[in-house]
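**Q** Quick one: structure below, then a few questions.
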Amino acid sequence: MRLLKKIIYVAALFMTLEAQAQISHGGLPLPEKLDAGPCLRRGSQTVRMPAFDVEELRREDSLSGNNVGGIRFAYAFDVDYTPENSGVRYHLKDGRDVWRLHIVSEGAYSLNLIFDEYQLDDSSQLFIYTPDRNTILGSFTAENNSECGILPTTPVPGDEVIVELITPRNSTSRLRIGNVNHDYRGLKFIPSTGSSKACQVDASCLGIHEQQARSTVAFIVAGTGYCSGNMVNNSANEDAAFMITAAHCLYEEMGVVDRSLAQRSIFYFNYERPHCHEELSGSLAMSVSGADVIFCDAPSDVLLMRLRKMPPIDYRVYYAGWNAIRDLGPGVYSFHHPNCDVKKISIEEDTPYLGTFKVDDIFDSNMHWIVDRWETGIMEGGSSGAGLFGSDDLLVGVLSGGDTKESCEQPGYDAFGAFSEVWERGLNMCLDSKRNGSRVCDGREAHIIPCSRITNWNEGEVIHEVSDHEQFAAGHNNKGIVEYAERFHLDGKSSVLYGVYVAPWRGIYSEGDTVLLRVYRGDSVPEEVMSQEVVSFTNTSIAKRSTVFNETVVEEWTNRDCYYRLKHPLKVDSSFFVGLKLVASPKNKFALCHTEEKLTGENTAYFKDNSGWHSFEKAHPYYKQPTSLYIEPVVQVGAVDIIAVTDHSAGVPASTVSPNPVEDVVYVRFPSSRTVLYYELIDMEGRMVRKVAVDSSSEELSFRMDVPSGMYFLRLVFESSTETLRVVKR
């Protein structure tokens with residue numbers, strides 16, 4: 001293969017697989033020592049991957065242009081491991097069966113697996129975890145089943161991983177591992193340690209274009225490479241999980257796109273440094289697997305996918321708007337994940353121009369917006385596919401690549417495949433789903449009542465640093481305090497709690513050191529426990545390795561922003577508490593991050609001793625001052641109050657919907673005295689499924705309920721009022 005004249009920021013992608021939802025469903029694997037009965041299969045519990053020439057791969061990667069000029073980080077082993085031919089299987093005395101397989105690939109920075117046969121029955125659970133259980137993926141259940149029967153998994157750090165399948169007796173579950181992917185470069189997702197260049201700027205530090213930032217996606221393709229992209233809206237505001245990126249992210253070879261690679265991708269949301277805290281790495285807990293290509297134009301390097309699973313409401317996804325008009329003014333910016341680092345922002349104050357990006361003549365002439373020189377940040381490997389936003393906050397293109405000599409000291413040019421030039425080639429048929437001929441579309445929130453990440457930390461507040469010999473004010477200490485909680489107040493609004501972010505200052509999970517995540521009722525202090533779940537919050541160990549062709553990774557502990565999704569969403573009052581209860585006599589100490597000092601002086605942290613609950617500010621034995629714990633819930637604020645059925649007791653004429661339940665077409669009739677402007681169909685999560693304008697002269701509307709079975713809210717918007725009706729789809 002000839003060497004490329006310009007860098008294309010992309011990964012080398014080689015495997016042939018499919019994928020479905022990466023979303024996990026909570027729980028923990030079984031204890032290391034099992035209460036087991038008869039052995040179903042006693043083989044070697046450990047399998048070891050053969051050695052390969054790592055230095056040769058690094059040498060190839062160091063040559064500009066090899067492997068399609070991009071960032072390959074993993075070597076793929078083709079394997080065939082099932083509960084029938086490998087590992088150990090036991091009957092448990094409680095009536096369940098368990099299969100365990102220990103996989104070792106010596107020297108790997110991380111390992112990821114792809115199951116090319118995945119079909120679990122009800123009550124079955126799959127976990128993937130490191131031997132020390134610092135990292136646990138899962139549980140994966142029957143809800144992760146798909147028609148293709150494939151499941152890729154996110155990388156876990158280190159060179160060992162344990163696969164554990166728990167099934168009911170006489171289960172019909174089928175499971176086969178088809179690939180073990182050995183990370184030989186040091187994938188910076190595990191975790192971020194400032195892997196991008198020093199001039200890159202964290203997106204969370206500037207606090208601008210926050211909605212557009214939430215459209216940004218990092219994704220791993222087929223377990224071996226990575227790119228960036230953006231979720232995008234369509235002109236009908238339909239609830240479709242469209243993501244736009246660069247076509248070369250799915251190259252099988254130079255200039256040739258392998259569409260099936262989209263089915264094998266894992267997409268990460270909100271991978272960013274929280275609140276610009278330098279001490280914390282980003283969370284990778286929010287991911288979805290699998291997509292289908294619905295538009296691809298290799299000569300312009302623009303590709304549109306539809307994710308196979310809608311991102312859940314707590315992922316807080318924003319669907320970016322777009323502009324396919326050639327007239328582009330000054331002031332553009334891009335969010336991206338350079339070198340797999342946390343989300344960054346690059347800013348250009350001048351006006352890009354249409355030009356030609358020449359890479360072995362694989363792109364057509366005058367198909368790219370050219371950004372000559374960034375004022376803030378630059379682009380790097382892994383930034384490929386990132387969207388370019390105009391001054392109107394609308395997407396105008398996606399990154400193909402740029403100057404190979406680009407650096408912090410000498411920012412070069414970058415080229416973005418222009419929507420304006422590819423619009424009539426078929427992109428319009430996908431994004432202009434309303435078929436109104438518009439080349440401009442606004443962005444939108446994924447849900448009519450979006451979730452918010454709630455924090456009690458104020459701007460400028462920093463994490464209190466604690467040395468190991470000190471007693472932990474929000475963790476284990478010699479006073480025996482093991483229960484802590486943070487107070488939240490939502491201005492009189494009842495809300496729905498979906499998950500919680502927690503950042504440990506010190507945290508190593510083990511079977512003997514479980515942590516309970518608790519939600520409490522209460523106003524001034526925690527009262528009744530509404531919900532509790534066993535969780536594993538840890539910070540992250542980074543190993544030290546160095547080779548001729550690979551940079552050194554410094555050995556250190558990195559505090560990590562951890563996210564835990566509740567098994568079931570929970571209704572909370574306007575005031576509530578979220579906290580942790582620790583094991584009283586731990587093998588390893590655990591402590592939460594908390595503020596150095598409260599700039600406003602308002603205390604929100606509480607602890608419990610033998611006499612009950614107390615505020616830090618009034619009674620803490622080690623930290624008697626106002627503080628806030630690093631506990632941040634993700635809530636749908638006011639959702640309980642907003643989604644409600646209209647009360648017609650005051651004599652307001654009611655609209656009617658029939659049939660109800662409905663199998664196909666629903667008919668809605670409303671009084672002639674009221675003029676309806678549009679209607680919205682909203683699902684039980686508060687997500688807008690459909691929004692349609694109505695002819696003002698109508699007294700009736702009808703539409704096809706082509707949605708999954710379940711209950712929906714039909715919201716009629718009149719000139720001076722609104723009305724909400726329940727509709728059940730059979």
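We name chains A, B, ... following the order of the structure tokens; residues begin at 1 in each chain, and ligands are numbered from 1 as shown.
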Per residue of range 542-635 of chain A within 9 Å of range 531-536 of chain A, note the shortest atom pair and the distance in Å to one decimal, counting only C-alpha atoms, and order the rows by chain and increasing residue number, as CSV.

**A**
residue,atom,partner,partner_atom,distance
A:Tyr564,CA,A:Val535,CA,7.6
A:Leu566,CA,A:Glu533,CA,7.8
A:Lys567,CA,A:Glu533,CA,8.3
A:Leu570,CA,A:Ser531,CA,8.1

**Q** Compile the contact shell of range 300-311 of chain A as an mmCIF file with C-alpha atoms, in the first residue's frame: residues with an atom at most 7 Å away, counting only C-alpha atoms, same-chain residues fewer than 2 positions apart removed.

**A**
data_model
loop_
_atom_site.group_PDB
_atom_site.id
_atom_site.type_symbol
_atom_site.label_atom_id
_atom_site.label_comp_id
_atom_site.auth_asym_id
_atom_site.auth_seq_id
_atom_site.Cartn_x
_atom_site.Cartn_y
_atom_site.Cartn_z
ATOM 1 C CA GLN A 20 -26.831 -4.910 19.674
ATOM 2 C CA ALA A 21 -27.432 -2.914 22.813
ATOM 3 C CA ALA A 241 -31.226 7.607 16.451
ATOM 4 C CA PHE A 242 -29.280 9.039 13.496
ATOM 5 C CA MET A 243 -25.513 9.490 13.884
ATOM 6 C CA ILE A 244 -23.315 11.141 11.258
ATOM 7 C CA THR A 245 -19.583 10.564 10.871
ATOM 8 C CA ALA A 246 -16.854 10.079 8.263
ATOM 9 C CA ALA A 247 -17.201 7.266 5.740
ATOM 10 C CA HIS A 248 -13.536 6.355 6.109
ATOM 11 C CA VAL A 288 -25.096 1.567 22.923
ATOM 12 C CA GLY A 290 -24.800 -1.666 16.843
ATOM 13 C CA ALA A 291 -25.937 0.516 13.955
ATOM 14 C CA ASP A 292 -26.968 0.294 10.317
ATOM 15 C CA VAL A 293 -25.617 2.472 7.505
ATOM 16 C CA ILE A 294 -28.460 4.317 5.783
ATOM 17 C CA PHE A 295 -26.379 6.695 3.643
ATOM 18 C CA CYS A 296 -22.782 6.580 2.477
ATOM 19 C CA ASP A 297 -20.940 8.801 -0.004
ATOM 20 C CA ALA A 298 -17.281 7.791 0.000
ATOM 21 C CA ILE A 313 -33.391 8.960 28.544
ATOM 22 C CA TYR A 315 -27.993 9.468 28.430
ATOM 23 C CA PHE A 363 -12.229 12.220 -2.621
ATOM 24 C CA ASP A 364 -13.966 14.352 -5.248
ATOM 25 C CA MET A 367 -16.284 18.570 -1.469
ATOM 26 C CA VAL A 398 -17.725 15.938 9.244
ATOM 27 C CA SER A 400 -11.994 13.686 7.018
ATOM 28 C CA GLY A 417 -16.915 16.667 4.172
ATOM 29 C CA VAL A 422 -23.378 15.867 -0.765
#

**Q** Using only C-alpha atoms, determine which residues lie at most 12 Å from Ser289 in chain A, disregarding the query and same-chain residues fewer than 2 positions distant; provide the list as a CSV table (one decimal) with N, CA and C atoms, in the first residue's frame.

**A**
chain,number,residue,atom,x,y,z
A,17,LEU,N,-18.5,-8.8,12.2
A,17,LEU,CA,-19.4,-9.1,13.3
A,17,LEU,C,-20.6,-8.2,13.2
A,18,GLU,N,-21.6,-8.5,14.1
A,18,GLU,CA,-22.7,-7.6,14.3
A,18,GLU,C,-22.9,-7.2,15.8
A,19,ALA,N,-23.8,-6.3,16.1
A,19,ALA,CA,-23.9,-5.9,17.5
A,19,ALA,C,-25.3,-5.5,17.9
A,20,GLN,N,-25.6,-5.4,19.2
A,20,GLN,CA,-26.8,-4.9,19.7
A,20,GLN,C,-26.6,-4.1,20.9
A,21,ALA,N,-27.6,-3.9,21.7
A,21,ALA,CA,-27.4,-2.9,22.8
A,21,ALA,C,-26.4,-3.3,23.8
A,22,GLN,N,-25.5,-2.4,24.1
A,22,GLN,CA,-24.5,-2.5,25.2
A,22,GLN,C,-25.0,-2.2,26.5
A,23,ILE,N,-26.2,-1.7,26.6
A,23,ILE,CA,-26.8,-1.2,27.9
A,23,ILE,C,-26.8,-2.4,28.9
A,24,SER,N,-26.3,-2.2,30.1
A,24,SER,CA,-26.3,-3.2,31.1
A,24,SER,C,-27.4,-3.0,32.1
A,114,ILE,N,-16.0,-10.1,21.7
A,114,ILE,CA,-17.2,-10.1,20.8
A,114,ILE,C,-17.8,-11.5,20.8
A,144,ASN,N,-30.7,-7.9,26.0
A,144,ASN,CA,-29.6,-7.6,25.1
A,144,ASN,C,-29.6,-8.5,23.9
A,145,ASN,N,-30.6,-9.5,23.8
A,145,ASN,CA,-30.7,-10.3,22.7
A,145,ASN,C,-31.1,-9.5,21.4
A,146,SER,N,-30.7,-10.0,20.3
A,146,SER,CA,-31.0,-9.4,19.0
A,146,SER,C,-31.2,-10.4,17.9
A,150,ILE,N,-25.6,-11.2,18.2
A,150,ILE,CA,-24.2,-10.8,18.4
A,150,ILE,C,-24.1,-9.8,19.5
A,151,LEU,N,-23.1,-9.8,20.3
A,151,LEU,CA,-22.9,-8.8,21.3
A,151,LEU,C,-21.4,-8.5,21.4
A,152,PRO,N,-21.0,-7.2,21.1
A,152,PRO,CA,-19.6,-6.8,21.4
A,152,PRO,C,-19.6,-6.1,22.8
A,153,THR,N,-18.5,-6.1,23.4
A,153,THR,CA,-18.4,-5.5,24.8
A,153,THR,C,-17.3,-4.5,24.8
A,154,THR,N,-17.5,-3.6,25.7
A,154,THR,CA,-16.5,-2.5,25.9
A,154,THR,C,-15.2,-3.0,26.5
A,218,ALA,N,-18.3,9.2,20.9
A,218,ALA,CA,-17.0,8.5,20.6
A,218,ALA,C,-17.4,7.0,20.3
A,219,PHE,N,-16.8,6.4,19.3
A,219,PHE,CA,-17.2,5.0,19.1
A,219,PHE,C,-16.0,4.1,18.7
A,220,ILE,N,-16.1,2.9,19.2
A,220,ILE,CA,-15.1,1.8,18.8
A,220,ILE,C,-15.7,0.9,17.8
A,221,VAL,N,-14.9,0.7,16.7
A,221,VAL,CA,-15.4,-0.2,15.6
A,221,VAL,C,-14.8,-1.5,15.7
A,222,ALA,N,-15.6,-2.6,15.8
A,222,ALA,CA,-15.1,-4.0,15.7
A,222,ALA,C,-14.0,-4.3,16.7
A,223,GLY,N,-14.0,-3.5,17.8
A,223,GLY,CA,-13.0,-3.9,18.9
A,223,GLY,C,-11.6,-3.5,18.6
A,261,LEU,N,-19.4,-3.0,9.2
A,261,LEU,CA,-18.7,-2.6,10.4
A,261,LEU,C,-19.6,-1.7,11.3
A,262,ALA,N,-20.6,-1.1,10.8
A,262,ALA,CA,-21.4,-0.3,11.7
A,262,ALA,C,-22.2,-1.2,12.7
A,263,GLN,N,-22.5,-2.4,12.3
A,263,GLN,CA,-23.2,-3.3,13.1
A,263,GLN,C,-22.3,-3.8,14.3
A,264,ARG,N,-21.0,-3.6,14.2
A,264,ARG,CA,-20.1,-4.1,15.2
A,264,ARG,C,-19.5,-3.0,16.1
A,265,SER,N,-20.1,-1.8,16.1
A,265,SER,CA,-19.6,-0.6,16.8
A,265,SER,C,-20.2,-0.5,18.1
A,266,ILE,N,-19.5,0.2,19.0
A,266,ILE,CA,-20.0,0.6,20.3
A,266,ILE,C,-19.9,2.1,20.4
A,267,PHE,N,-21.0,2.7,20.8
A,267,PHE,CA,-21.1,4.2,20.8
A,267,PHE,C,-21.2,4.7,22.2
A,268,TYR,N,-20.3,5.7,22.6
A,268,TYR,CA,-20.2,6.2,23.9
A,268,TYR,C,-20.7,7.6,24.0
A,269,PHE,N,-21.5,7.9,25.0
A,269,PHE,CA,-22.1,9.2,25.2
A,269,PHE,C,-21.6,9.9,26.5
A,286,MET,N,-22.1,5.0,29.7
A,286,MET,CA,-23.3,5.2,28.8
A,286,MET,C,-22.9,4.8,27.4
A,287,SER,N,-23.3,3.6,27.0
A,287,SER,CA,-23.0,3.1,25.6
A,287,SER,C,-24.1,2.4,25.0
A,291,ALA,N,-25.3,-0.5,14.8
A,291,ALA,CA,-25.9,0.5,14.0
A,291,ALA,C,-26.0,0.0,12.5
A,292,ASP,N,-26.8,0.6,11.7
A,292,ASP,CA,-27.0,0.3,10.3
A,292,ASP,C,-26.7,1.5,9.5
A,306,ARG,N,-27.9,4.7,11.6
A,306,ARG,CA,-29.0,4.7,12.6
A,306,ARG,C,-28.7,3.7,13.6
A,307,LEU,N,-28.6,4.1,14.9
A,307,LEU,CA,-28.3,3.2,16.0
A,307,LEU,C,-29.4,2.2,16.1
A,308,ARG,N,-29.1,0.9,16.4
A,308,ARG,CA,-30.1,-0.1,16.5
A,308,ARG,C,-30.9,0.0,17.8
A,309,LYS,N,-30.4,0.8,18.8
A,309,LYS,CA,-31.1,1.0,20.0
A,309,LYS,C,-31.2,2.4,20.3
A,310,MET,N,-32.4,2.9,20.7
A,310,MET,CA,-32.5,4.3,21.1
A,310,MET,C,-31.7,4.5,22.4
A,311,PRO,N,-30.8,5.5,22.5
A,311,PRO,CA,-30.2,5.8,23.8
A,311,PRO,C,-31.2,6.1,24.9

**Q** I want to know what sits within 7 Å of range 156-161 of chain A, based on only C-alpha atoms, with residues of the same chain fewer than 5 positions away left out; could you give that as a list in words?

**A**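 So, after excluding close chain neighbours, the residues are His102, Ile103, Val104, Ser105, Glu106, Gly107, Ala108, Tyr109, Ser110, Leu111, Asn112, Ile128, Tyr129, Thr130, Pro131, Thr135 and Ile190 of chain A.
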
**Q** Smallest atom-to-atom distance to Ser281 in chain A: which of A:Glu32, A:Asp393, A:Glu60, A:Asp341, using only C-alpha atoms?

**A**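 Checking each of A:Glu32, A:Asp393, A:Glu60, A:Asp341 against Ser281 in chain A, counting only C-alpha atoms, the winner is A:Asp341.
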
**Q** Of the candidates A:Pro50, A:Pro83, A:Gly612, A:Gly579, which one gets nearest to Ile177 in chain A if we count only C-alpha atoms?

**A**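 Among the listed residues, A:Pro83 lies closest to Ile177 in chain A.
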
**Q** DSSP says strand (DSSP E) for which residues of range 216-279 of chain A? Put them as a ChimeraX atom specification?

**A** /A:216-221,225-232,242-246,251-253,256-257,265-269

**Q** One decimal, Å: what's the distance from CA of Gly186 in chain A over to CA of Tyr75 in chain A, could you say?

**A** 11.9 Å

**Q** Name the residues in contact with Asn270 in chain A at a cut-off of 10 Å, using only C-alpha atoms, excluding same-chain residues fewer than 2 positions from it; report them as a list in words.

**A**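 Counting only the stated atoms, we get Ala213, Arg214, Ser215, Thr216, Val217, Ala218, Tyr268, Glu272, Arg273, Pro274, Gly282, Ser283, Leu284, Ala285, Met286, Ser287, Tyr315, Arg316, Val317, Val342 and Lys343 of chain A.
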
**Q** According to DSSP computed on the backbone, where in range 149-210 of chain A is there alpha helix (DSSP H)? Give the residues as a list in words.

**A**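 Restricting range 149-210 of chain A to alpha helix (DSSP H) produces Ala203, Ser204, Cys205, Leu206 and Glu210 of chain A.
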
**Q** Could you check which of A:Ser709, A:Ser438, A:Ser383, A:Gln471 is closest to Ala236 in chain A, using only C-alpha atoms?

**A**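 Selected residue with least distance to Ala236 in chain A: A:Ser438.
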
**Q** Show which residues sit within 8 Å of Asn237 in chain A, as a PyMOL selection string. Count only C-alpha atoms, and ignore same-chain residues fewer than 6 positions away.

**A** chain A and resi 444+690-691

**Q** Give me a file of those residues, with C-alpha atoms, as a PDB file, in the first residue's frame.

**A**
ATOM      1  CA  ARG A 444     -33.823  19.103  19.419  1.00  0.00           C
ATOM      2  CA  ARG A 690     -44.145  12.332  17.017  1.00  0.00           C
ATOM      3  CA  LYS A 691     -45.014  16.015  16.557  1.00  0.00           C
TER       4      LYS A 691
END

**Q** How far is it from CA of Ser173 in chain A to CA of Leu92 in chain A, in Å with one decimal?

**A**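 Here the two named atoms are 16.8 Å from each other.
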
**Q** Quick one: everything within 10 Å of Ile378 in chain A, counting only C-alpha atoms, minus sequence neighbours fewer than 5 positions away in the same chain. Send it as a list of chain:residue names.

**A**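 Surrounding residues, per the criterion: A:Ser196, A:Lys197, A:Cys199, A:Gln200, A:Val201, A:Ser334, A:His336, A:Pro338, A:Lys344, A:Ile345, A:Ser346, A:Ile347, A:Glu348, A:Arg373, A:Ser383, A:Glu406, A:Ser407, A:Cys408, A:Gln410, A:Pro411, A:Gly412, A:Tyr413, A:Asp414.
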
**Q** With C-alpha atoms retained, could you export that selection as a PDB file, in the first residue's frame?

**A**
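again.pdb, written as the output of this step:
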ATOM      1  CA  SER A 196      -4.274  14.213  23.548  1.00  0.00           C
ATOM      2  CA  LYS A 197      -1.917  17.141  22.970  1.00  0.00           C
ATOM      3  CA  CYS A 199      -3.218  22.536  23.594  1.00  0.00           C
ATOM      4  CA  GLN A 200      -6.507  20.625  23.510  1.00  0.00           C
ATOM      5  CA  VAL A 201      -9.291  22.195  25.578  1.00  0.00           C
ATOM      6  CA  SER A 334     -16.045  21.155  16.638  1.00  0.00           C
ATOM      7  CA  HIS A 336     -14.281  15.587  19.221  1.00  0.00           C
ATOM      8  CA  PRO A 338      -8.698  13.210  19.942  1.00  0.00           C
ATOM      9  CA  LYS A 344     -12.515  18.401  23.529  1.00  0.00           C
ATOM     10  CA  ILE A 345     -13.524  21.541  21.650  1.00  0.00           C
ATOM     11  CA  SER A 346     -11.691  23.275  18.798  1.00  0.00           C
ATOM     12  CA  ILE A 347     -12.635  26.805  17.708  1.00  0.00           C
ATOM     13  CA  GLU A 348     -11.915  28.736  14.480  1.00  0.00           C
ATOM     14  CA  ARG A 373      -5.862  27.277  11.329  1.00  0.00           C
ATOM     15  CA  SER A 383     -11.156  13.049  15.861  1.00  0.00           C
ATOM     16  CA  GLU A 406      -0.337  19.829  12.421  1.00  0.00           C
ATOM     17  CA  SER A 407       0.820  20.516  15.983  1.00  0.00           C
ATOM     18  CA  CYS A 408       0.104  22.831  18.901  1.00  0.00           C
ATOM     19  CA  GLN A 410       1.918  25.074  14.129  1.00  0.00           C
ATOM     20  CA  PRO A 411      -1.813  24.366  13.738  1.00  0.00           C
ATOM     21  CA  GLY A 412      -2.420  23.128  10.206  1.00  0.00           C
ATOM     22  CA  TYR A 413      -5.551  22.878   8.106  1.00  0.00           C
ATOM     23  CA  ASP A 414      -8.390  20.338   8.466  1.00  0.00           C
TER      24      ASP A 414
END

**Q** Just checking: using only C-alpha atoms, which residue out of A:Asp94, A:Ala324, A:Ala415, A:Pro659 ends up closest to Gly355 in chain A?

**A**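 Looking at the shortest contact to Gly355 in chain A, the residue is A:Ala415.
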
**Q** Between A:Asn366, A:Asn477, A:Thr455, A:Asn234, which is the closest to Tyr501 in chain A once you count only C-alpha atoms?

**A**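 Using only C-alpha atoms, Tyr501 in chain A sits closest to A:Thr455.
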
**Q** Go ahead and compute the interatomic distance for CA of Ser585 in chain A and CA of Glu483 in chain A, in Å to one decimal.

**A** 13.0 Å

**Q** From the options A:Leu395, A:Leu120, A:Ile481, A:Cys249, which residue's atoms come nearest to Val332 in chain A, counting only C-alpha atoms?

**A** A:Leu395
